[in-house]
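Everything below belongs to structure-v3.cif, which stores mmCIF, C-alpha atoms and all ligand atoms.
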```
data_start
loop_
_atom_site.label_atom_id
_atom_site.label_comp_id
_atom_site.auth_asym_id
_atom_site.auth_seq_id
_atom_site.Cartn_x
_atom_site.Cartn_y
_atom_site.Cartn_z
CA MET A 1 -5.24 -18.75 -19.37
CA ARG A 2 -6.51 -21.16 -16.76
CA LEU A 3 -5.96 -21.03 -12.98
CA ARG A 4 -4.73 -24.56 -12.17
CA LYS A 5 -3.45 -24.36 -8.61
CA LEU A 6 -3.09 -21.89 -5.78
CA THR A 7 -0.45 -22.17 -3.07
CA LEU A 8 -1.02 -20.07 0.03
CA ARG A 9 1.91 -19.47 2.34
CA GLU A 10 2.25 -17.51 5.54
CA ILE A 11 5.76 -16.26 6.12
CA HIS A 12 7.10 -14.47 9.18
CA LEU A 13 9.52 -11.68 8.44
CA PRO A 14 11.08 -9.52 11.21
CA LEU A 15 11.33 -5.78 10.47
CA VAL A 16 14.80 -4.24 10.81
CA SER A 17 13.22 -1.84 13.31
CA PRO A 18 9.74 -1.74 14.86
CA PHE A 19 7.14 0.37 13.01
CA GLU A 20 4.75 2.37 15.20
CA THR A 21 1.54 4.12 14.18
CA SER A 22 -1.38 5.56 16.16
CA PHE A 23 -2.99 2.09 16.11
CA GLY A 24 -0.02 0.03 17.27
CA ARG A 25 3.47 -1.29 16.86
CA THR A 26 4.70 -4.02 14.48
CA GLU A 27 7.95 -5.93 14.95
CA ILE A 28 7.42 -9.05 12.91
CA ARG A 29 5.24 -9.11 9.81
CA ARG A 30 3.05 -12.12 9.16
CA ILE A 31 2.64 -12.08 5.39
CA LEU A 32 0.25 -14.13 3.28
CA LEU A 33 1.69 -14.91 -0.16
CA ALA A 34 -0.34 -16.32 -3.04
CA GLU A 35 1.38 -18.32 -5.78
CA ALA A 36 -0.98 -19.03 -8.65
CA ASP A 37 -0.18 -21.71 -11.22
CA VAL A 38 -1.49 -20.43 -14.54
CA ASP A 39 -0.82 -22.88 -17.39
CA GLY A 40 2.41 -23.91 -15.67
CA VAL A 41 3.62 -20.36 -15.01
CA SER A 42 3.77 -19.03 -11.42
CA GLY A 43 2.25 -15.65 -10.67
CA TRP A 44 2.87 -14.11 -7.26
CA GLY A 45 0.71 -11.86 -5.08
CA GLU A 46 0.68 -10.62 -1.48
CA SER A 47 -2.38 -9.92 0.64
CA THR A 48 -1.12 -6.97 2.84
CA ALA A 49 -3.64 -8.02 5.53
CA GLY A 50 -2.26 -7.21 8.97
CA GLU A 51 -1.55 -9.33 12.01
CA ASN A 52 -4.46 -7.58 13.78
CA PRO A 53 -7.69 -5.87 12.62
CA PHE A 54 -6.39 -2.41 13.56
CA TYR A 55 -5.80 -0.77 10.16
CA SER A 56 -8.83 -2.48 8.62
CA TYR A 57 -11.00 -5.46 9.60
CA GLU A 58 -8.94 -7.89 7.55
CA THR A 59 -6.21 -10.06 9.08
CA VAL A 60 -4.01 -12.86 7.78
CA GLU A 61 -6.58 -15.30 9.20
CA THR A 62 -9.60 -13.76 7.47
CA ALA A 63 -7.70 -13.45 4.19
CA TRP A 64 -6.70 -17.12 4.29
CA HIS A 65 -10.30 -18.17 5.02
CA ILE A 66 -11.79 -16.01 2.26
CA LEU A 67 -9.19 -17.11 -0.30
CA ARG A 68 -9.57 -20.83 0.46
CA ASP A 69 -13.34 -20.99 0.96
CA TYR A 70 -14.70 -18.37 -1.46
CA LEU A 71 -12.27 -16.79 -3.91
CA TRP A 72 -10.44 -19.90 -5.03
CA PRO A 73 -13.71 -21.85 -5.60
CA ALA A 74 -14.96 -18.90 -7.73
CA ALA A 75 -11.76 -18.77 -9.82
CA ARG A 76 -10.38 -22.32 -10.02
CA GLY A 77 -10.22 -23.92 -13.44
CA ARG A 78 -11.75 -20.87 -15.12
CA GLU A 79 -10.58 -19.70 -18.50
CA PHE A 80 -9.49 -16.04 -18.65
CA THR A 81 -8.35 -14.03 -21.63
CA SER A 82 -7.11 -11.28 -19.31
CA ALA A 83 -6.48 -10.90 -15.55
CA SER A 84 -8.83 -7.91 -15.70
CA GLU A 85 -11.75 -10.39 -15.84
CA LEU A 86 -11.06 -11.88 -12.42
CA TRP A 87 -12.16 -8.92 -10.30
CA ASP A 88 -15.77 -9.01 -11.43
CA SER A 89 -16.04 -12.72 -10.61
CA PHE A 90 -15.33 -11.81 -6.96
CA ALA A 91 -18.35 -9.48 -6.81
CA GLY A 92 -20.42 -11.94 -4.73
CA VAL A 93 -17.98 -11.62 -1.83
CA ARG A 94 -18.49 -8.34 -0.01
CA GLY A 95 -15.30 -6.55 0.95
CA HIS A 96 -12.20 -8.59 1.90
CA ASN A 97 -10.22 -6.65 -0.68
CA MET A 98 -6.83 -7.69 0.70
CA ALA A 99 -7.75 -11.35 0.20
CA LYS A 100 -8.97 -10.56 -3.32
CA ALA A 101 -5.85 -8.57 -4.18
CA ALA A 102 -3.53 -11.46 -3.28
CA LEU A 103 -5.04 -13.69 -5.98
CA GLU A 104 -5.89 -10.91 -8.43
CA THR A 105 -2.36 -9.49 -8.49
CA ALA A 106 -0.90 -13.01 -8.79
CA LEU A 107 -2.96 -13.56 -11.96
CA TRP A 108 -1.72 -10.25 -13.39
CA ASP A 109 1.89 -11.31 -12.76
CA ALA A 110 1.22 -14.64 -14.47
CA GLU A 111 -0.46 -13.01 -17.46
CA ALA A 112 2.46 -10.63 -17.92
CA LYS A 113 4.91 -13.55 -17.71
CA LEU A 114 2.90 -15.60 -20.22
CA LYS A 115 2.93 -12.63 -22.60
CA ASN A 116 6.62 -11.99 -21.89
CA PHE A 117 5.79 -8.42 -20.92
CA PRO A 118 6.71 -6.26 -17.90
CA LEU A 119 3.66 -5.95 -15.63
CA ALA A 120 3.97 -2.14 -15.61
CA LYS A 121 3.51 -2.09 -19.39
CA LEU A 122 0.60 -4.55 -19.27
CA LEU A 123 -1.15 -2.23 -16.79
CA GLY A 124 -0.67 0.73 -19.11
CA GLY A 125 2.13 2.36 -17.11
CA VAL A 126 3.99 5.30 -18.64
CA ARG A 127 7.04 5.70 -16.37
CA GLU A 128 10.54 4.21 -16.48
CA GLU A 129 11.18 5.21 -12.88
CA ILE A 130 8.99 6.14 -9.95
CA SER A 131 9.44 8.81 -7.30
CA CYS A 132 9.85 7.62 -3.71
CA GLY A 133 8.95 8.96 -0.30
CA VAL A 134 9.35 7.43 3.13
CA SER A 135 6.85 6.77 5.90
CA VAL A 136 8.52 7.31 9.28
CA GLY A 137 6.85 5.69 12.28
CA ILE A 138 6.34 7.32 15.67
CA GLN A 139 9.76 7.79 17.30
CA PRO A 140 10.73 7.74 20.98
CA SER A 141 11.77 11.43 20.87
CA VAL A 142 11.78 14.44 18.57
CA ALA A 143 15.57 14.24 18.39
CA ALA A 144 15.32 10.63 17.19
CA LEU A 145 12.74 11.68 14.60
CA ILE A 146 14.97 14.43 13.22
CA ALA A 147 17.93 12.06 13.02
CA LYS A 148 15.80 9.50 11.20
CA VAL A 149 14.48 12.00 8.64
CA GLU A 150 17.98 13.36 8.11
CA GLN A 151 19.19 9.86 7.29
CA GLU A 152 16.33 9.28 4.80
CA LEU A 153 16.99 12.58 3.02
CA ALA A 154 20.66 11.69 2.75
CA ALA A 155 19.61 8.45 1.05
CA GLY A 156 17.81 10.55 -1.58
CA TYR A 157 14.11 10.23 -0.69
CA ARG A 158 11.95 13.00 -2.08
CA ARG A 159 9.39 13.51 0.65
CA ALA A 160 8.88 12.47 4.23
CA LYS A 161 5.67 11.42 5.91
CA ILE A 162 5.55 11.12 9.65
CA LYS A 163 2.99 9.29 11.69
CA ILE A 164 1.16 11.42 14.24
CA LYS A 165 -1.25 10.76 17.10
CA PRO A 166 -2.78 12.90 19.87
CA GLY A 167 0.08 14.15 22.02
CA TYR A 168 2.63 13.58 19.24
CA ASP A 169 1.64 16.02 16.53
CA LEU A 170 2.37 19.77 16.65
CA GLU A 171 5.70 19.45 18.42
CA PRO A 172 7.36 16.95 16.04
CA VAL A 173 5.97 18.81 13.01
CA ARG A 174 7.20 22.17 14.26
CA ALA A 175 10.65 20.76 15.02
CA LEU A 176 10.95 19.11 11.60
CA ARG A 177 9.80 22.23 9.79
CA GLU A 178 12.35 24.35 11.65
CA ARG A 179 15.14 21.94 10.85
CA PHE A 180 14.07 21.35 7.19
CA PRO A 181 12.28 24.52 5.95
CA ARG A 182 11.90 23.26 2.36
CA LEU A 183 11.22 19.59 2.99
CA ARG A 184 8.20 18.05 1.24
CA LEU A 185 6.55 16.98 4.48
CA MET A 186 3.22 15.33 5.28
CA VAL A 187 1.57 13.60 8.24
CA ASP A 188 -0.56 10.46 8.61
CA ALA A 189 -2.86 10.11 11.63
CA ASN A 190 -4.38 6.71 10.79
CA SER A 191 -7.81 7.84 12.07
CA ALA A 192 -6.59 8.96 15.51
CA TYR A 193 -8.60 12.22 15.70
CA THR A 194 -12.22 13.38 15.77
CA LEU A 195 -13.92 16.44 14.36
CA GLY A 196 -13.62 17.96 17.83
CA ASP A 197 -9.86 18.14 17.22
CA ALA A 198 -10.36 20.57 14.29
CA PRO A 199 -8.79 23.53 16.18
CA LEU A 200 -5.62 21.50 16.77
CA LEU A 201 -5.52 20.23 13.19
CA GLN A 202 -5.98 23.81 11.92
CA GLN A 203 -2.70 24.71 13.64
CA LEU A 204 -0.96 22.32 11.26
CA ASP A 205 -1.80 24.74 8.42
CA ALA A 206 1.10 26.90 9.64
CA PHE A 207 3.65 24.27 8.55
CA PHE A 208 2.84 24.03 4.83
CA LEU A 209 2.34 20.28 4.82
CA ILE A 210 1.67 18.81 1.40
CA MET A 211 -1.22 16.90 2.92
CA ILE A 212 -2.67 15.39 6.08
CA GLU A 213 -3.58 11.75 5.62
CA GLN A 214 -6.67 10.13 7.16
CA PRO A 215 -7.11 12.27 10.29
CA LEU A 216 -10.62 11.02 11.15
CA GLY A 217 -12.61 7.78 11.36
CA TRP A 218 -11.64 4.90 9.08
CA ASP A 219 -15.11 4.79 7.48
CA ASP A 220 -16.22 8.39 8.00
CA ILE A 221 -16.17 10.27 4.70
CA PHE A 222 -18.76 12.80 5.87
CA SER A 223 -16.70 14.14 8.79
CA HIS A 224 -13.66 14.52 6.52
CA ALA A 225 -15.79 16.70 4.23
CA GLN A 226 -16.62 18.90 7.22
CA LEU A 227 -13.00 19.03 8.33
CA GLN A 228 -11.61 19.83 4.86
CA ARG A 229 -13.72 23.01 4.82
CA LEU A 230 -11.90 24.12 7.98
CA LEU A 231 -8.37 23.39 6.72
CA GLN A 232 -6.07 24.90 4.13
CA THR A 233 -3.94 21.76 4.07
CA PRO A 234 -5.28 19.16 1.62
CA ILE A 235 -6.71 16.02 3.19
CA CYS A 236 -5.61 12.74 1.65
CA LEU A 237 -7.83 9.72 2.32
CA ASP A 238 -6.39 6.25 2.89
CA GLU A 239 -8.53 3.99 5.16
CA CYS A 240 -11.85 5.45 3.91
CA ILE A 241 -11.42 4.54 0.24
CA HIS A 242 -12.18 0.90 -0.60
CA SER A 243 -13.82 1.35 -3.98
CA VAL A 244 -14.53 3.66 -6.89
CA GLU A 245 -17.86 4.44 -5.21
CA HIS A 246 -16.17 5.60 -2.01
CA ALA A 247 -13.76 7.72 -4.04
CA ARG A 248 -16.64 9.33 -5.92
CA ALA A 249 -18.45 10.10 -2.65
CA ALA A 250 -15.28 11.58 -1.14
CA ILE A 251 -14.46 13.70 -4.18
CA GLU A 252 -18.00 14.98 -4.74
CA THR A 253 -18.47 15.90 -1.06
CA GLY A 254 -15.05 17.58 -0.87
CA ALA A 255 -13.77 15.16 1.78
CA CYS A 256 -10.28 15.07 0.25
CA ARG A 257 -8.12 16.62 -2.46
CA ILE A 258 -5.72 13.69 -2.80
CA ILE A 259 -6.18 9.90 -2.60
CA ASN A 260 -3.70 7.23 -1.58
CA ILE A 261 -4.23 3.98 -3.50
CA LYS A 262 -3.22 0.68 -1.94
CA LEU A 263 -3.64 -2.50 -3.95
CA GLY A 264 -4.76 -4.49 -0.91
CA ARG A 265 -7.26 -1.93 0.30
CA VAL A 266 -8.99 -1.64 -3.08
CA GLY A 267 -8.73 -5.30 -4.21
CA GLY A 268 -6.02 -5.49 -6.88
CA HIS A 269 -4.81 -3.94 -10.12
CA THR A 270 -8.19 -3.86 -11.87
CA PRO A 271 -10.07 -1.83 -9.22
CA ALA A 272 -6.91 0.26 -8.60
CA GLY A 273 -6.83 1.15 -12.29
CA ARG A 274 -10.50 2.17 -12.25
CA LEU A 275 -9.95 4.32 -9.18
CA HIS A 276 -6.90 5.88 -10.80
CA ASP A 277 -8.94 6.73 -13.91
CA LEU A 278 -11.77 8.25 -11.90
CA CYS A 279 -9.33 10.44 -9.93
CA ARG A 280 -7.59 11.54 -13.13
CA SER A 281 -10.93 12.59 -14.63
CA LYS A 282 -11.64 14.67 -11.49
CA SER A 283 -8.10 16.16 -11.30
CA ILE A 284 -7.42 14.41 -8.00
CA PRO A 285 -3.74 13.33 -7.79
CA VAL A 286 -3.03 9.87 -6.40
CA TRP A 287 0.01 8.16 -4.92
CA CYS A 288 0.85 4.61 -3.96
CA GLY A 289 0.53 3.76 -0.27
CA GLY A 290 2.53 1.04 1.47
CA MET A 291 1.71 -1.69 3.98
CA LEU A 292 5.20 -2.83 5.02
CA GLU A 293 5.18 -5.24 2.08
CA SER A 294 7.70 -7.92 1.29
CA GLY A 295 9.36 -7.71 -2.11
CA ILE A 296 6.37 -9.33 -3.81
CA GLY A 297 3.87 -6.67 -2.77
CA ARG A 298 6.51 -3.98 -3.24
CA ALA A 299 7.07 -5.10 -6.86
CA HIS A 300 3.34 -4.83 -7.56
CA ASN A 301 3.34 -1.34 -6.00
CA ILE A 302 6.17 -0.29 -8.31
CA ALA A 303 4.28 -1.52 -11.38
CA MET A 304 1.09 0.28 -10.34
CA SER A 305 2.98 3.51 -9.60
CA THR A 306 3.92 3.82 -13.29
CA LEU A 307 0.33 4.82 -14.19
CA GLU A 308 0.03 8.42 -15.33
CA ASN A 309 -1.89 9.98 -12.44
CA PHE A 310 0.48 8.63 -9.76
CA SER A 311 1.94 12.13 -9.76
CA LEU A 312 3.08 12.36 -6.13
CA PRO A 313 5.91 10.34 -4.50
CA GLY A 314 4.54 7.16 -2.90
CA ASP A 315 5.36 5.16 0.24
CA VAL A 316 7.33 2.74 -1.92
CA SER A 317 10.91 2.55 -0.72
CA ALA A 318 13.92 0.25 -0.69
CA SER A 319 13.79 -3.32 0.66
CA ARG A 320 16.60 -2.52 3.09
CA ARG A 321 14.47 -0.01 4.99
CA TYR A 322 12.30 -2.93 6.12
CA TRP A 323 14.18 -6.24 5.81
CA ALA A 324 17.66 -7.50 6.57
CA GLU A 325 17.13 -9.73 3.55
CA ASP A 326 14.14 -9.53 1.20
CA ILE A 327 12.46 -12.51 -0.50
CA ILE A 328 13.09 -11.33 -4.07
CA GLU A 329 16.11 -11.09 -6.33
CA PRO A 330 17.33 -8.43 -6.88
CA GLU A 331 16.13 -6.43 -3.89
CA VAL A 332 14.31 -3.12 -4.45
CA GLU A 333 16.89 -0.33 -4.51
CA VAL A 334 16.48 3.43 -4.54
CA THR A 335 18.76 5.69 -6.58
CA PRO A 336 20.57 8.65 -4.96
CA GLN A 337 17.91 10.77 -6.72
CA GLY A 338 15.17 9.07 -4.69
CA THR A 339 13.69 6.98 -7.49
CA ILE A 340 13.18 3.30 -8.24
CA ARG A 341 13.91 2.16 -11.79
CA VAL A 342 11.05 0.06 -13.06
CA PRO A 343 12.31 -3.43 -13.96
CA SER A 344 12.04 -4.51 -17.58
CA ALA A 345 11.92 -8.30 -16.98
CA PRO A 346 8.55 -10.02 -17.56
CA GLY A 347 5.85 -9.92 -14.88
CA ILE A 348 6.68 -8.17 -11.61
CA GLY A 349 10.29 -8.16 -12.83
CA TYR A 350 11.85 -9.50 -9.60
CA VAL A 351 12.40 -13.20 -8.96
CA PRO A 352 10.93 -14.75 -5.78
CA ARG A 353 13.64 -16.61 -3.85
CA ILE A 354 11.83 -19.90 -3.35
CA ALA A 355 14.32 -21.48 -0.94
CA ARG A 356 14.25 -18.41 1.30
CA ILE A 357 10.45 -18.21 1.12
CA GLU A 358 10.17 -21.91 2.07
CA SER A 359 12.50 -21.42 5.02
CA LEU A 360 10.33 -18.54 6.31
CA THR A 361 7.04 -20.42 5.76
CA ARG A 362 5.01 -21.23 8.90
CA ARG A 363 1.87 -22.47 7.17
CA ARG A 364 1.16 -23.66 3.66
CA GLU A 365 -1.88 -24.93 1.81
CA VAL A 366 -2.14 -26.09 -1.80
CA LEU A 367 -5.54 -25.64 -3.43
CA VAL A 368 -6.44 -27.35 -6.69
O1 LIG B 1 -1.38 4.22 6.83
O2 LIG B 1 -0.02 4.22 5.24
C1 LIG B 1 -0.42 3.72 6.28
C2 LIG B 1 1.90 0.86 7.33
C3 LIG B 1 0.98 -0.05 7.83
C4 LIG B 1 -0.35 0.30 7.85
C5 LIG B 1 -0.77 1.54 7.37
C6 LIG B 1 0.14 2.44 6.85
C7 LIG B 1 1.50 2.10 6.87
C8 LIG B 1 2.55 3.00 6.42
C9 LIG B 1 3.84 2.34 5.98
O3 LIG B 1 2.49 4.19 6.45
C10 LIG B 1 4.13 2.57 4.54
C11 LIG B 1 5.27 1.71 4.09
O4 LIG B 1 5.04 0.53 3.72
O5 LIG B 1 6.39 2.20 4.12
MG MG B 2 -2.06 5.89 5.74
#
```

Translate the structure of the given file into structure tokens.
Ligand code: OSB
Ligand code: MG
Amino acid sequence: MRLRKLTLREIHLPLVSPFETSFGRTEIRRILLAEADVDGVSGWGESTAGENPFYSYETVETAWHILRDYLWPAARGREFTSASELWDSFAGVRGHNMAKAALETALWDAEAKLKNFPLAKLLGGVREEISCGVSVGIQPSVAALIAKVEQELAAGYRRAKIKIKPGYDLEPVRALRERFPRLRLMVDANSAYTLGDAPLLQQLDAFFLIMIEQPLGWDDIFSHAQLQRLLQTPICLDECIHSVEHARAAIETGACRIINIKLGRVGGHTPAGRLHDLCRSKSIPVWCGGMLESGIGRAHNIAMSTLENFSLPGDVSASRRYWAEDIIEPEVEVTPQGTIRVPSAPGIGYVPRIARIESLTRRREVLV
């Protein structure tokens, strides 16, 4: 397979309702899509970089720059026998995993299409359907939060995660637990606390959360190891884990008992697979995180979630929770049992709607 052409597009897609976390509020997603021409077949990837450097240092602007000026020059015209070879050719560029993942996942989609194989199978996936949870942003009131969670449970979702921040933590968790005593519930702080908040975080142990995600600094594995010793609730790391090496450090120091894998944060399917394998060998369960993806990134998340050790429900949910109209056909749908059936068509298994994508495109660059 040879990479012949790369088309970068930035689309603007308004969320059906604003999504708020401890680091900010998003109303319209700016999404960088990568369309790779591989021997005449189009493979699609999505960068998941944000509008602002608040979740990580990457943004749509940095991802575009790194793709155009470094990653494409390293990959263009090269002959590959498998998409798994691309990741190592990016080794000279430090970090910028979301930029890398956009191109890397596009090549995987193209390879699967060329081989006439579903991407999930090419990755070694073992599931026909995946188990779905929802991530519920910070709500204007506890009553609004309860109503929202009620609605998601009625739709079939199998676990709820709520975003927390200082001043919006114990009260919403207590209220939810009272209303839904048996709910599989977890919280995500997106790095909003410090080790000094340990006494407050210890109070969360009373609510039998399945995990607390990324309470402390985005790059602070050591403090999480100290905090985990003080908590009964398992810590799950998100922002801290960018590589197999970070995961090894976190596992060996006891900084977490669960890891969330995001394709963008770790750089694509190849590094995600290695991280998955490491966690499996250490008996650390993983689940697939979400970044408010369009259908393209969502489809890649579904394929990755079919790997064996993705044993907890992920933040992969239906298109309609995010978009009035998605950019793929069909849209991602969730069954009343809270699962997504893995598509059996070649590649990501959903068809990009080119006319709709073009109409949403604000910027475009073709690299050859
Ligand atoms: O921390 O998991 C996170 C969205 C944007 C940035 C970070 C996170 C999130 C989510 C949303 O929790 C997950 C989803 O796509 O539904
Ligand atoms: Mg998170």

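Nearest to A:Ile164 of all the residues A:Ile212, A:Ala272, A:Ala345, A:Met291 is A:Ile212, based on all atoms listed in the file.
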
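The shortest atom-to-atom distance to ligand MG 2 (chain B), with all atoms listed in the file taken into account, belongs to A:Val136 out of A:Ile31, A:Leu204, A:Val136, A:Ala154.
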
Please, which residues have at least one atom within 9 Å of an atom of ligand LIG 1 (chain B), using all atoms listed in the file, listed as number ranges by chain? A: 19-21, 23, 26, 48, 50, 54-56, 133-137, 161-163, 188-190, 213-214, 238-239, 260, 262, 289-293, 298, 314-317, 321-322

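Between A:Ala155 and the residues A:Lys115, A:Arg320, A:Arg29, A:Arg4, the shortest atom-to-atom distance, using all atoms listed in the file, involves A:Arg320.
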
Got a sec: who's within 10 Å of A:Ile354, counting all atoms listed in the file, leaving out chain neighbours fewer than 6 positions off, as a VMD selection string? chain A and resid 327 to 328 360

One decimal, Å: what's the distance from atom CA of A:Thr270 over to atom CA of A:Glu104, could you say? 8.2 Å

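The interatomic distance for the pair atom CA of A:Glu61 and atom CA of A:Leu8 works out to 11.7 Å.
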
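Closest approach to A:Tyr193 among A:Leu227, A:Val142, A:Val41, A:Leu6 is made by A:Leu227 (distances from only C-alpha atoms).
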
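Proximity ranking of A:Thr233, A:Ile241, A:Gln337, A:Arg94 relative to ligand MG 2 (chain B) places A:Ile241 first, based on all atoms listed in the file.
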
I want to know what sits within 10 Å of A:Ile348, based on all atoms listed in the file, with residues of the same chain fewer than 5 positions away left out; could you give that as a PyMOL selection string? chain A and resi 43-45+105-106+108-110+112-113+117-120+295-303+342-343

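Using all atoms listed in the file, the shortest contact distance between A:Met211 and any of A:Arg229, A:Lys282, A:Lys148, A:Arg184 is found at A:Arg184.
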
Just the number, please: distance in Å from atom CA of A:Thr81 to atom CA of A:Lys121, one decimal. 17.0 Å

Quick one: everything within 12 Å of A:Ala175, counting all atoms listed in the file, minus sequence neighbours fewer than 5 positions away in the same chain. Send it as a PyMOL selection string. chain A and resi 141-147+149+168-170+180-181+185+207
